[in-house]
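*Asks:* Here's a structure for you.
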Amino acid sequence: MSTTPDQTMTQYVVLIFQRESPGGLADIPSEIMEANEDFDDRITEQGGRIVAGLALEPTATATAIRGAVVTDGPFIETKEALAGLYILEARDLDHAIALARMTPTWEGGVEIRPLLDFQVMEDT
């Protein structure tokens, strides 16, 4: 199902959480890596669209800031870490949930949030 120019697609951020491992990408099972290769096509087939996506470096590379205090490491310690995110266009929240359920994850899950639209204005 595709949208026509007069149909508005809502943008959602899909936050990907999964187990972190010492070996990083090398530890992720091959079936998860393979499922990521055609993920965009599968989303498109279902009427959605991935606008952008990013993977994150391991939590050991994070720097946390709380007020004036800057520390090495993640904001909080958890078994699952924020591994990446993508921007998804979907008809509505139900459609976004159905699409996000297709996200290949390794011992984790996803969180969906609607995005607020705002324009960054350049100084003139």
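Within each chain, counting starts at residue 1; across the structure tokens, chains are named A, B, ... in the order shown, with ligands numbered 1 upward in that order.
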Report as a ChimeraX atom specification all protein, DNA and RNA residues lying within 8 Å of A:Arg19, evaluated on only C-alpha atoms, omitting residues in the same chain fewer than 6 positions from it.

*Replies:* /A:79-81,106-108

*Asks:* Set the distance at 8 Å and use only C-alpha atoms: which residues neighbour A:Leu99 once local chain neighbours fewer than 6 positions away are removed? I'd like the list as a list of chain:residue names.

*Replies:*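 My list of contacting residues is A:Ile43, A:Gln46, A:Gly48.
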
*Asks:* If you run DSSP on the backbone here, which positions in chain A get alpha helix (DSSP H)? Please write them as number ranges by chain.

*Replies:* A: 30-37, 39-45, 93-100

*Asks:* Between atom CA of A:Thr61 and atom CA of A:Met33, measure the distance and give it in Å to one decimal.

*Replies:*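 Between atom CA of A:Thr61 and atom CA of A:Met33 the gap works out to 22.2 Å.
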
*Asks:* Contacts of A:Thr10 at 8 Å or less, counting only C-alpha atoms, minus same-chain residues fewer than 6 places along, as an MDAnalysis selection string?

*Replies:* chainID A and resid 89:92 114:115

*Asks:* Give me every strand (DSSP E or B) residue in chain A, going by DSSP on the backbone, as a ChimeraX atom specification.

*Replies:* /A:10-19,49-55,63-66,69-72,80-90,109-114

*Asks:* Write out, as CSV, each residue of stretch 83-112 of chain A that has an atom at most 7 Å from stretch 12-15 of chain A, together with the closest pair of atoms and their distance in Å to one decimal, counting only C-alpha atoms, rows going by chain and rising number.

*Replies:*
residue,atom,partner,partner_atom,distance
A:Gly84,CA,A:Leu15,CA,6.2
A:Leu85,CA,A:Leu15,CA,4.5
A:Tyr86,CA,A:Val14,CA,5.4
A:Ile87,CA,A:Val13,CA,4.6
A:Leu88,CA,A:Tyr12,CA,5.2
A:Glu89,CA,A:Tyr12,CA,6.3
A:Ala100,CA,A:Val14,CA,7.0
A:Val110,CA,A:Leu15,CA,5.4
A:Glu111,CA,A:Leu15,CA,5.1
A:Ile112,CA,A:Val14,CA,4.6
